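Data file: run_21.pdb. Format and content: PDB, C-alpha atoms.
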ATOM      1  CA  MET A   1      53.781  47.946 120.213
ATOM      2  CA  THR A   2      53.360  51.670 120.822
ATOM      3  CA  ASP A   3      50.444  53.673 119.400
ATOM      4  CA  ARG A   4      52.837  55.326 116.993
ATOM      5  CA  GLU A   5      53.982  51.973 115.609
ATOM      6  CA  GLN A   6      50.447  50.866 114.745
ATOM      7  CA  GLY A   7      50.721  52.695 111.430
ATOM      8  CA  PHE A   8      54.078  51.221 110.429
ATOM      9  CA  ARG A   9      54.114  48.942 107.394
ATOM     10  CA  ILE A  10      56.595  47.150 105.141
ATOM     11  CA  GLU A  11      56.078  47.961 101.470
ATOM     12  CA  VAL A  12      57.880  47.233  98.217
ATOM     13  CA  ARG A  13      58.160  50.112  95.791
ATOM     14  CA  GLU A  14      58.917  49.310  92.161
ATOM     15  CA  ARG A  15      61.531  51.220  90.164
ATOM     16  CA  PHE A  16      60.633  54.830  89.431
ATOM     17  CA  TRP A  17      62.189  58.104  88.288
ATOM     18  CA  LEU A  18      62.581  61.196  90.476
ATOM     19  CA  THR A  19      62.988  64.458  88.603
ATOM     20  CA  GLY A  20      63.757  67.829  90.111
ATOM     21  CA  LEU A  21      66.666  69.583  91.788
ATOM     22  CA  ALA A  22      69.694  68.226  93.668
ATOM     23  CA  VAL A  23      71.287  69.764  96.749
ATOM     24  CA  SER A  24      74.526  68.664  98.465
ATOM     25  CA  GLY A  25      76.334  70.465 101.245
ATOM     26  CA  PRO A  26      77.173  70.712 104.937
ATOM     27  CA  PHE A  27      74.300  70.359 107.403
ATOM     28  CA  GLU A  28      74.325  74.066 108.326
ATOM     29  CA  ILE A  29      73.407  75.211 104.813
ATOM     30  CA  ALA A  30      71.598  72.150 103.447
ATOM     31  CA  GLU A  31      68.244  72.893 105.092
ATOM     32  CA  GLU A  32      68.125  76.435 103.696
ATOM     33  CA  ARG A  33      69.199  75.274 100.231
ATOM     34  CA  THR A  34      66.670  72.443 100.215
ATOM     35  CA  ALA A  35      63.869  74.830 101.189
ATOM     36  CA  ALA A  36      64.928  77.186  98.388
ATOM     37  CA  ALA A  37      64.941  74.266  95.928
ATOM     38  CA  TRP A  38      61.371  73.305  96.911
ATOM     39  CA  GLU A  39      60.229  76.889  96.441
ATOM     40  CA  SER A  40      61.950  77.163  93.061
ATOM     41  CA  LEU A  41      60.464  73.903  91.782
ATOM     42  CA  ALA A  42      56.958  74.659  93.053
ATOM     43  CA  SER A  43      57.006  78.061  91.329
ATOM     44  CA  ARG A  44      57.526  76.482  87.889
ATOM     45  CA  VAL A  45      55.417  73.364  88.175
ATOM     46  CA  ASP A  46      53.198  74.308  85.239
ATOM     47  CA  ALA A  47      56.207  74.410  82.913
ATOM     48  CA  LEU A  48      57.569  70.999  83.895
ATOM     49  CA  PRO A  49      57.096  67.868  81.728
ATOM     50  CA  ASP A  50      53.572  66.413  81.748
ATOM     51  CA  VAL A  51      54.823  62.916  82.573
ATOM     52  CA  LEU A  52      55.609  64.008  86.145
ATOM     53  CA  ASN A  53      53.037  63.057  88.774
ATOM     54  CA  ARG A  54      51.747  66.308  90.304
ATOM     55  CA  ASP A  55      50.250  64.378  93.241
ATOM     56  CA  GLU A  56      53.506  62.946  94.541
ATOM     57  CA  TRP A  57      56.319  65.206  95.770
ATOM     58  CA  LEU A  58      59.336  63.389  97.013
ATOM     59  CA  SER A  59      62.682  64.027  98.623
ATOM     60  CA  ALA A  60      65.357  61.337  98.382
ATOM     61  CA  CYS A  61      68.251  61.959 100.736
ATOM     62  CA  HIS A  62      71.496  60.476 101.989
ATOM     63  CA  VAL A  63      73.065  61.763 105.192
ATOM     64  CA  ARG A  64      76.740  61.308 105.985
ATOM     65  CA  GLU A  65      78.979  62.480 108.839
ATOM     66  CA  THR A  66      78.875  66.238 108.334
ATOM     67  CA  GLU A  67      76.959  66.804 105.079
ATOM     68  CA  LEU A  68      74.136  65.402 103.002
ATOM     69  CA  THR A  69      72.621  65.028  99.569
ATOM     70  CA  CYS A  70      68.928  65.550  98.788
ATOM     71  CA  TYR A  71      67.036  65.328  95.529
ATOM     72  CA  ILE A  72      63.629  66.972  95.628
ATOM     73  CA  GLY A  73      61.011  66.685  92.923
ATOM     74  CA  MET A  74      58.211  64.705  91.354
ATOM     75  CA  THR A  75      58.019  61.087  90.256
ATOM     76  CA  SER A  76      57.229  59.176  87.093
ATOM     77  CA  THR A  77      57.088  55.540  86.071
ATOM     78  CA  GLU A  78      59.082  56.209  82.903
ATOM     79  CA  PRO A  79      62.079  58.358  81.901
ATOM     80  CA  VAL A  80      61.384  62.064  81.495
ATOM     81  CA  PRO A  81      61.843  63.426  77.952
ATOM     82  CA  ASP A  82      62.983  66.992  77.196
ATOM     83  CA  LEU A  83      64.435  67.684  80.630
ATOM     84  CA  PRO A  84      65.265  71.366  81.295
ATOM     85  CA  ASP A  85      69.055  71.862  81.667
ATOM     86  CA  ASP A  86      68.973  72.723  85.374
ATOM     87  CA  LEU A  87      66.931  69.681  86.411
ATOM     88  CA  VAL A  88      68.214  66.196  87.155
ATOM     89  CA  SER A  89      66.405  62.906  86.805
ATOM     90  CA  ILE A  90      67.488  59.780  88.665
ATOM     91  CA  VAL A  91      66.274  56.200  88.751
ATOM     92  CA  ILE A  92      65.385  54.724  92.111
ATOM     93  CA  PRO A  93      65.493  50.912  91.840
ATOM     94  CA  ARG A  94      62.937  48.542  93.365
ATOM     95  CA  HIS A  95      63.300  48.273  97.142
ATOM     96  CA  GLU A  96      61.550  47.137 100.257
ATOM     97  CA  TYR A  97      60.877  49.948 102.760
ATOM     98  CA  LEU A  98      59.619  50.502 106.270
ATOM     99  CA  VAL A  99      56.924  53.167 105.878
ATOM    100  CA  ALA A 100      55.379  55.482 108.472
ATOM    101  CA  TYR A 101      53.069  58.477 108.230
ATOM    102  CA  HIS A 102      53.542  61.732 110.125
ATOM    103  CA  SER A 103      51.151  64.625 110.556
ATOM    104  CA  GLY A 104      52.408  67.415 112.759
ATOM    105  CA  SER A 105      55.432  69.613 113.235
ATOM    106  CA  ARG A 106      58.764  68.959 111.542
ATOM    107  CA  GLU A 107      60.412  69.031 114.978
ATOM    108  CA  GLU A 108      58.419  65.912 115.973
ATOM    109  CA  LEU A 109      59.764  63.990 112.983
ATOM    110  CA  GLY A 110      62.879  63.066 114.948
ATOM    111  CA  ASN A 111      60.740  61.034 117.350
ATOM    112  CA  LEU A 112      59.182  59.145 114.444
ATOM    113  CA  TYR A 113      62.584  58.299 112.954
ATOM    114  CA  ALA A 114      63.752  57.080 116.375
ATOM    115  CA  ALA A 115      60.642  54.886 116.688
ATOM    116  CA  MET A 116      61.267  53.453 113.203
ATOM    117  CA  PHE A 117      64.907  52.604 113.997
ATOM    118  CA  SER A 118      63.776  50.941 117.216
ATOM    119  CA  TRP A 119      61.103  48.958 115.330
ATOM    120  CA  LEU A 120      63.685  47.707 112.839
ATOM    121  CA  GLN A 121      65.956  46.521 115.601
ATOM    122  CA  ARG A 122      63.173  44.632 117.372
ATOM    123  CA  HIS A 123      62.022  43.003 114.133
ATOM    124  CA  ASP A 124      65.565  41.988 113.155
ATOM    125  CA  ARG A 125      65.586  44.125 110.024
ATOM    126  CA  GLU A 126      68.389  46.457 108.949
ATOM    127  CA  LEU A 127      68.268  49.934 107.419
ATOM    128  CA  ASN A 128      70.333  50.184 104.211
ATOM    129  CA  ARG A 129      72.416  53.258 105.033
ATOM    130  CA  GLU A 130      74.261  53.188 101.694
ATOM    131  CA  ILE A 131      71.327  54.402  99.616
ATOM    132  CA  LEU A 132      68.669  57.144  99.515
ATOM    133  CA  TRP A 133      65.739  57.238 101.909
ATOM    134  CA  LEU A 134      62.472  58.938 100.950
ATOM    135  CA  GLU A 135      60.042  61.498 102.342
ATOM    136  CA  ARG A 136      56.798  61.505 100.342
ATOM    137  CA  SER A 137      54.055  64.121 100.283
ATOM    138  CA  THR A 138      51.135  65.232  98.136
ATOM    139  CA  ALA A 139      52.378  68.818  97.909
ATOM    140  CA  PRO A 140      55.773  70.557  97.813
ATOM    141  CA  ALA A 141      57.314  71.197 101.236
ATOM    142  CA  ARG A 142      56.842  74.721 102.596
ATOM    143  CA  GLY A 143      58.632  76.359 105.486
ATOM    144  CA  GLY A 144      56.823  76.562 108.829
ATOM    145  CA  GLY A 145      53.546  75.001 109.921
ATOM    146  CA  ASP A 146      52.562  71.372 110.226
ATOM    147  CA  ILE A 147      53.431  68.767 107.609
ATOM    148  CA  ASP A 148      51.823  65.605 106.255
ATOM    149  CA  VAL A 149      54.533  63.244 105.109
ATOM    150  CA  GLU A 150      55.359  59.569 104.740
ATOM    151  CA  ILE A 151      58.850  58.351 105.659
ATOM    152  CA  TRP A 152      60.206  55.462 103.576
ATOM    153  CA  LEU A 153      63.357  53.827 104.996
ATOM    154  CA  PRO A 154      65.069  51.352 102.599
ATOM    155  CA  LEU A 155      65.738  47.913 104.066
ATOM    156  CA  ARG A 156      68.512  45.449 103.432
ATOM    157  CA  GLU A 157      67.327  42.164 101.989
ATOM    158  CA  GLU A 158      66.584  39.541 104.613
ATOM    159  CA  THR A 159      69.301  36.895 104.788
TER     160      THR A 159
ATOM    161  CA  MET B   1      92.398  46.617  65.526
ATOM    162  CA  THR B   2      91.459  47.075  69.143
ATOM    163  CA  GLU B   3      94.343  47.785  71.479
ATOM    164  CA  THR B   4      94.073  45.896  74.744
ATOM    165  CA  HIS B   5      95.556  47.016  78.019
ATOM    166  CA  ALA B   6      96.168  44.785  81.001
ATOM    167  CA  ALA B   7      95.552  46.696  84.211
ATOM    168  CA  SER B   8      98.415  46.368  86.647
ATOM    169  CA  SER B   9      98.184  45.042  90.192
ATOM    170  CA  ILE B  10      97.533  47.623  92.887
ATOM    171  CA  GLU B  11      99.958  48.660  95.639
ATOM    172  CA  PRO B  12      97.656  49.055  98.664
ATOM    173  CA  ARG B  13      98.459  50.323 102.147
ATOM    174  CA  MET B  14      96.619  51.272 105.326
ATOM    175  CA  ASP B  15      96.872  54.930 106.287
ATOM    176  CA  THR B  16      95.216  57.451 108.582
ATOM    177  CA  ARG B  17      94.269  61.010 107.854
ATOM    178  CA  ASP B  18      93.561  63.747 110.379
ATOM    179  CA  GLY B  19      90.340  65.678 110.066
ATOM    180  CA  PHE B  20      90.352  68.561 107.586
ATOM    181  CA  TRP B  21      88.094  70.984 105.725
ATOM    182  CA  LEU B  22      87.596  70.870 101.998
ATOM    183  CA  VAL B  23      86.718  74.094 100.189
ATOM    184  CA  GLY B  24      85.464  73.781  96.674
ATOM    185  CA  LEU B  25      82.608  72.904  94.353
ATOM    186  CA  VAL B  26      80.036  70.129  94.496
ATOM    187  CA  SER B  27      78.078  68.228  91.868
ATOM    188  CA  THR B  28      75.291  65.685  92.355
ATOM    189  CA  GLY B  29      73.488  63.656  89.733
ATOM    190  CA  PRO B  30      73.190  60.391  87.779
ATOM    191  CA  TYR B  31      76.162  58.315  86.622
ATOM    192  CA  ALA B  32      74.945  58.698  83.048
ATOM    193  CA  ASP B  33      76.539  62.144  82.623
ATOM    194  CA  ALA B  34      79.279  61.735  85.265
ATOM    195  CA  HIS B  35      82.282  62.249  82.989
ATOM    196  CA  GLU B  36      80.890  65.421  81.459
ATOM    197  CA  ARG B  37      79.859  66.890  84.836
ATOM    198  CA  MET B  38      83.092  66.081  86.650
ATOM    199  CA  THR B  39      85.308  67.307  83.816
ATOM    200  CA  ALA B  40      83.428  70.628  83.835
ATOM    201  CA  LEU B  41      83.686  70.854  87.632
ATOM    202  CA  TRP B  42      87.475  70.313  87.591
ATOM    203  CA  ARG B  43      87.854  72.911  84.854
ATOM    204  CA  THR B  44      85.856  75.423  86.897
ATOM    205  CA  ILE B  45      87.785  74.876  90.149
ATOM    206  CA  ASP B  46      91.069  75.198  88.241
ATOM    207  CA  ASP B  47      89.892  78.462  86.674
ATOM    208  CA  ARG B  48      88.698  79.796  90.059
ATOM    209  CA  GLN B  49      91.618  78.706  92.251
ATOM    210  CA  GLY B  50      92.665  82.357  92.660
ATOM    211  CA  GLU B  51      89.462  82.908  94.701
ATOM    212  CA  LEU B  52      90.607  80.343  97.274
ATOM    213  CA  ALA B  53      93.190  82.870  98.583
ATOM    214  CA  LEU B  54      95.897  80.247  99.020
ATOM    215  CA  ASP B  55      99.388  81.280 100.149
ATOM    216  CA  SER B  56     100.977  78.954  97.624
ATOM    217  CA  GLU B  57     100.146  76.359  95.014
ATOM    218  CA  PRO B  58      98.350  73.506  96.854
ATOM    219  CA  ASP B  59     100.264  70.244  97.336
ATOM    220  CA  GLU B  60      97.158  68.271  96.591
ATOM    221  CA  TRP B  61      93.672  68.546  95.159
ATOM    222  CA  VAL B  62      91.004  66.395  96.734
ATOM    223  CA  SER B  63      87.717  64.962  95.576
ATOM    224  CA  LEU B  64      85.271  63.622  98.173
ATOM    225  CA  CYS B  65      82.681  61.314  96.685
ATOM    226  CA  HIS B  66      79.800  59.113  97.657
ATOM    227  CA  GLY B  67      78.361  56.767  95.070
ATOM    228  CA  ARG B  68      74.984  55.118  95.423
ATOM    229  CA  GLU B  69      72.965  52.840  93.155
ATOM    230  CA  THR B  70      72.352  55.077  90.146
ATOM    231  CA  GLU B  71      73.750  58.478  91.162
ATOM    232  CA  PHE B  72      76.554  60.076  93.146
ATOM    233  CA  SER B  73      77.802  63.256  94.826
ATOM    234  CA  CYS B  74      81.347  64.662  94.539
ATOM    235  CA  TYR B  75      83.027  67.666  96.127
ATOM    236  CA  ILE B  76      86.346  68.804  94.610
ATOM    237  CA  GLY B  77      88.726  71.413  95.953
ATOM    238  CA  VAL B  78      91.619  71.919  98.341
ATOM    239  CA  ALA B  79      92.095  70.659 101.889
ATOM    240  CA  MET B  80      92.578  73.120 104.750
ATOM    241  CA  PRO B  81      93.520  72.245 108.354
ATOM    242  CA  VAL B  82      90.962  74.602 109.912
ATOM    243  CA  ARG B  83      87.523  75.919 108.998
ATOM    244  CA  PRO B  84      87.931  78.638 106.337
ATOM    245  CA  THR B  85      86.633  82.064 107.267
ATOM    246  CA  ASN B  86      85.629  82.951 103.717
ATOM    247  CA  VAL B  87      84.006  80.619 101.227
ATOM    248  CA  PRO B  88      83.806  81.942  97.644
ATOM    249  CA  ASP B  89      80.351  82.312  96.070
ATOM    250  CA  GLY B  90      78.951  79.037  94.808
ATOM    251  CA  MET B  91      81.498  76.996  96.776
ATOM    252  CA  VAL B  92      81.064  75.062 100.020
ATOM    253  CA  ALA B  93      83.260  74.153 102.990
ATOM    254  CA  VAL B  94      82.868  70.565 104.170
ATOM    255  CA  GLU B  95      84.406  69.050 107.290
ATOM    256  CA  VAL B  96      85.971  65.607 106.937
ATOM    257  CA  LEU B  97      86.483  63.755 110.224
ATOM    258  CA  PRO B  98      89.636  61.753 111.041
ATOM    259  CA  HIS B  99      89.546  58.277 109.545
ATOM    260  CA  GLU B 100      91.585  55.227 108.794
ATOM    261  CA  TYR B 101      91.722  54.437 105.072
ATOM    262  CA  ALA B 102      92.818  51.779 102.630
ATOM    263  CA  VAL B 103      94.878  53.596 100.005
ATOM    264  CA  SER B 104      96.144  52.766  96.556
ATOM    265  CA  PRO B 105      97.964  54.893  94.003
ATOM    266  CA  VAL B 106      96.569  54.982  90.472
ATOM    267  CA  ARG B 107      98.764  55.671  87.474
ATOM    268  CA  GLY B 108      97.595  54.908  83.993
ATOM    269  CA  THR B 109      94.429  54.597  81.996
ATOM    270  CA  GLN B 110      90.761  54.207  82.928
ATOM    271  CA  ASP B 111      91.433  50.450  83.028
ATOM    272  CA  ASP B 112      93.930  51.039  85.831
ATOM    273  CA  VAL B 113      91.402  53.223  87.709
ATOM    274  CA  ASN B 114      88.791  50.486  87.375
ATOM    275  CA  ALA B 115      91.318  47.914  88.613
ATOM    276  CA  VAL B 116      91.877  49.892  91.818
ATOM    277  CA  TYR B 117      88.147  50.212  92.500
ATOM    278  CA  THR B 118      87.805  46.443  91.999
ATOM    279  CA  GLN B 119      90.957  45.250  93.731
ATOM    280  CA  LEU B 120      91.156  47.644  96.697
ATOM    281  CA  PRO B 121      87.779  46.603  98.232
ATOM    282  CA  ALA B 122      88.856  42.959  97.831
ATOM    283  CA  TRP B 123      92.157  43.744  99.557
ATOM    284  CA  ILE B 124      90.275  45.420 102.432
ATOM    285  CA  GLU B 125      88.186  42.290 102.877
ATOM    286  CA  GLY B 126      91.322  40.158 102.813
ATOM    287  CA  GLN B 127      92.707  42.270 105.670
ATOM    288  CA  GLY B 128      89.620  41.461 107.722
ATOM    289  CA  ARG B 129      88.410  45.050 107.544
ATOM    290  CA  VAL B 130      85.210  46.677 106.240
ATOM    291  CA  TRP B 131      84.900  49.582 103.748
ATOM    292  CA  ASP B 132      82.612  52.208 105.294
ATOM    293  CA  ARG B 133      80.252  52.685 102.360
ATOM    294  CA  ALA B 134      78.154  55.231 104.242
ATOM    295  CA  ALA B 135      81.064  57.742 104.342
ATOM    296  CA  LEU B 136      82.768  59.838 101.662
ATOM    297  CA  TRP B 137      85.811  58.358  99.941
ATOM    298  CA  LEU B 138      88.734  60.424  98.682
ATOM    299  CA  GLU B 139      90.707  60.784  95.497
ATOM    300  CA  VAL B 140      93.887  62.838  96.026
ATOM    301  CA  TYR B 141      95.507  64.501  93.002
ATOM    302  CA  PRO B 142      98.857  66.331  92.675
ATOM    303  CA  VAL B 143      97.281  68.763  90.179
ATOM    304  CA  PRO B 144      93.664  69.351  89.073
ATOM    305  CA  TYR B 145      92.354  66.592  86.813
ATOM    306  CA  ARG B 146      92.137  67.474  83.130
ATOM    307  CA  ASP B 147      90.244  65.604  80.452
ATOM    308  CA  ASP B 148      93.185  65.804  78.019
ATOM    309  CA  GLN B 149      95.666  64.063  80.338
ATOM    310  CA  THR B 150      97.172  61.025  78.608
ATOM    311  CA  GLU B 151      97.787  59.314  81.948
ATOM    312  CA  MET B 152      95.815  59.628  85.187
ATOM    313  CA  HIS B 153      97.780  59.994  88.404
ATOM    314  CA  PHE B 154      96.125  60.103  91.827
ATOM    315  CA  GLU B 155      95.475  58.090  94.992
ATOM    316  CA  VAL B 156      92.211  56.417  96.041
ATOM    317  CA  TRP B 157      91.442  56.533  99.790
ATOM    318  CA  LEU B 158      88.560  54.284 100.924
ATOM    319  CA  PRO B 159      87.377  54.908 104.517
ATOM    320  CA  LEU B 160      87.272  51.945 106.875
ATOM    321  CA  VAL B 161      84.725  51.124 109.536
ATOM    322  CA  ASP B 162      86.277  51.631 112.972
ATOM    323  CA  GLU B 163      87.569  48.240 114.145
ATOM    324  CA  ARG B 164      85.702  48.668 117.443
ATOM    325  CA  GLU B 165      82.403  48.887 115.496
ATOM    326  CA  GLU B 166      83.004  45.946 113.124
TER     327      GLU B 166
END

Take the structure in the file and give it back as structure tokens.
Amino acid sequence: MTDREQGFRIEVRERFWLTGLAVSGPFEIAEERTAAAWESLASRVDALPDVLNRDEWLSACHVRETELTCYIGMTSTEPVPDLPDDLVSIVIPRHEYLVAYHSGSREELGNLYAAMFSWLQRHDRELNREILWLERSTAPARGGGDIDVEIWLPLREET
Amino acid sequence: MTETHAASSIEPRMDTRDGFWLVGLVSTGPYADAHERMTALWRTIDDRQGELALDSEPDEWVSLCHGRETEFSCYIGVAMPVRPTNVPDGMVAVEVLPHEYAVSPVRGTQDDVNAVYTQLPAWIEGQGRVWDRAALWLEVYPVPYRDDQTEMHFEVWLPLVDEREE
């Protein structure tokens, strides 16, 4: 086990709602649009429904061959009433995840993902590539600087 | 009295499609409001087709979708063989790589659409192949979809995992 893997854990997360903004598009514009979505949501946090947890900011993404989808927003354990027209709210069902924490530059995140994929292979577990994976933080993402984030990779059920 | 409708059997085939670019609009969100969102998106792309600067009426209109547990993403627009130099405001250009697909025409009601999405994956399995659920699937239309159509007419193209990777 490497030092980095010492913090890895398997965790089940119960069903929850993610409410915020959705971005889909080719890789070359998705990063810019996602950053703009974070900025837009953070600027209006005081006007968003009270049921949303201000201490948990989440992105839920799915990457395909040349483009991706990301929802960014805040979570709740119940549906969100009186949703503003431009926001979306999705349900994320109960899943088991491989979880790892990262503190540092966004560029170093790639190494963490690689270590997580390697860990899964060695422990005979499989990433569920058909559904959303999560990045979880206590504050909205901001461009530049170091980040503190947890990566949650959804796992297929053990057979 | 409730009218019942027996969905017909599908007419599947294997086909390949070269890579292409799709220029158009995208929508992402929960299944709960899918019909409303997609109908509005088709209406908008139809209204804005003049901005696509096409030489002639397109032979086909394409939707690229990926559905997950409770929500989905769909792009709709026209296919182009090369990367477009100009993308109208609010639209995107997405590259689709070459793939092999299982294809079935759809003609009829929502029951017939549902039958294809049930029967085509089963047919793929029967052929010893695997539907690549991590990639976008296609619906190919001769004209933009409209909510007031009495009969739906398009083809479903489900991407297959490369046989060398199965």

For this session: Taking the file above as input, evaluate the PyMOL selection byres ((chain A) within 6 of (chain B)) and report the hits as a PyMOL selection string.
Result: chain A and resi 26+64+90+130-131

Problem set entry | Between CA of Arg94 in chain A and CA of Phe16 in chain A - distance in Å to one decimal | 7.8 Å

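Residue neighbourhood of Ala100 in chain A, excluding near-sequence residues (fewer than 2 positions): Gly7, Phe8, Arg9, Leu98, His102, Glu150, Ile151 and Trp152 of chain A, at 7 Å, using all atoms listed in the file.
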
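A straight line drawn from CA of Val51 in chain A to CA of Ala141 in chain A is 20.6 Å long.
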
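Counting from CA of Ser104 in chain B, the distance to CA of Glu155 in chain B is 5.6 Å.
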
For this session: Let me know the residues the PyMOL selection byres ((chain A and resi 105-112) around 7) catches in the file above, as a ChimeraX atom specification.
Result: /A:104,113-116,145-147

Hey, what's within 9 Å of Pro121 in chain B if we count all atoms listed in the file and toss same-chain stuff fewer than 5 positions away? As a PDB file with C-alpha atoms, keeping the file's coordinate frame, please?
ATOM      1  CA  ALA B 102      92.818  51.779 102.630  1.00  0.00           C
ATOM      2  CA  VAL B 116      91.877  49.892  91.818  1.00  0.00           C
ATOM      3  CA  GLY B 126      91.322  40.158 102.813  1.00  0.00           C
ATOM      4  CA  VAL B 130      85.210  46.677 106.240  1.00  0.00           C
ATOM      5  CA  TRP B 131      84.900  49.582 103.748  1.00  0.00           C
ATOM      6  CA  LEU B 158      88.560  54.284 100.924  1.00  0.00           C
TER       7      LEU B 158
END

Go through range 75-131 of chain B residue by residue and, counting all atoms listed in the file, keep those with an atom at most 12 Å from range 146-149 of chain B; for each kept residue give the shortest atom pair and its distance in Å to one decimal, ordered by chain and increasing number, as JSON lines.
{"residue": "B:Arg107", "atom": "CA", "partner": "B:Gln149", "partner_atom": "CA", "distance": 11.4}
{"residue": "B:Gly108", "atom": "CA", "partner": "B:Gln149", "partner_atom": "CA", "distance": 10.0}
{"residue": "B:Thr109", "atom": "CA", "partner": "B:Gln149", "partner_atom": "CA", "distance": 9.7}
{"residue": "B:Gln110", "atom": "CA", "partner": "B:Gln149", "partner_atom": "CA", "distance": 11.3}

For range 104-115 of chain B of the block above, can you save N, CA and C atoms as a JSON list (two decimals), in the first residue's frame?
[["chain", "number", "residue", "atom", "x", "y", "z"],
["B", 104, "SER", "N", -32.12, 0.10, -35.12],
["B", 104, "SER", "CA", -33.49, -0.32, -35.44],
["B", 104, "SER", "C", -34.33, 0.89, -35.81],
["B", 105, "PRO", "N", -35.09, 0.77, -36.91],
["B", 105, "PRO", "CA", -36.04, 1.84, -37.22],
["B", 105, "PRO", "C", -37.20, 1.83, -36.22],
["B", 106, "VAL", "N", -37.76, 3.02, -36.00],
["B", 106, "VAL", "CA", -38.96, 3.16, -35.17],
["B", 106, "VAL", "C", -40.01, 3.86, -36.02],
["B", 107, "ARG", "N", -41.19, 3.30, -36.08],
["B", 107, "ARG", "CA", -42.29, 4.00, -36.75],
["B", 107, "ARG", "C", -43.55, 3.69, -35.97],
["B", 108, "GLY", "N", -44.14, 4.71, -35.40],
["B", 108, "GLY", "CA", -45.37, 4.45, -34.67],
["B", 108, "GLY", "C", -45.52, 5.33, -33.44],
["B", 109, "THR", "N", -46.07, 4.73, -32.42],
["B", 109, "THR", "CA", -46.41, 5.46, -31.20],
["B", 109, "THR", "C", -45.30, 5.32, -30.16],
["B", 110, "GLN", "N", -45.52, 5.93, -28.99],
["B", 110, "GLN", "CA", -44.56, 5.79, -27.89],
["B", 110, "GLN", "C", -44.39, 4.33, -27.50],
["B", 111, "ASP", "N", -45.44, 3.52, -27.66],
["B", 111, "ASP", "CA", -45.31, 2.09, -27.37],
["B", 111, "ASP", "C", -44.27, 1.44, -28.28],
["B", 112, "ASP", "N", -44.24, 1.87, -29.55],
["B", 112, "ASP", "CA", -43.27, 1.31, -30.48],
["B", 112, "ASP", "C", -41.85, 1.77, -30.14],
["B", 113, "VAL", "N", -41.71, 3.02, -29.68],
["B", 113, "VAL", "CA", -40.40, 3.52, -29.24],
["B", 113, "VAL", "C", -39.92, 2.68, -28.06],
["B", 114, "ASN", "N", -40.82, 2.49, -27.09],
["B", 114, "ASN", "CA", -40.46, 1.70, -25.90],
["B", 114, "ASN", "C", -40.05, 0.28, -26.28],
["B", 115, "ALA", "N", -40.76, -0.28, -27.28],
["B", 115, "ALA", "CA", -40.46, -1.65, -27.72],
["B", 115, "ALA", "C", -39.03, -1.73, -28.25]]
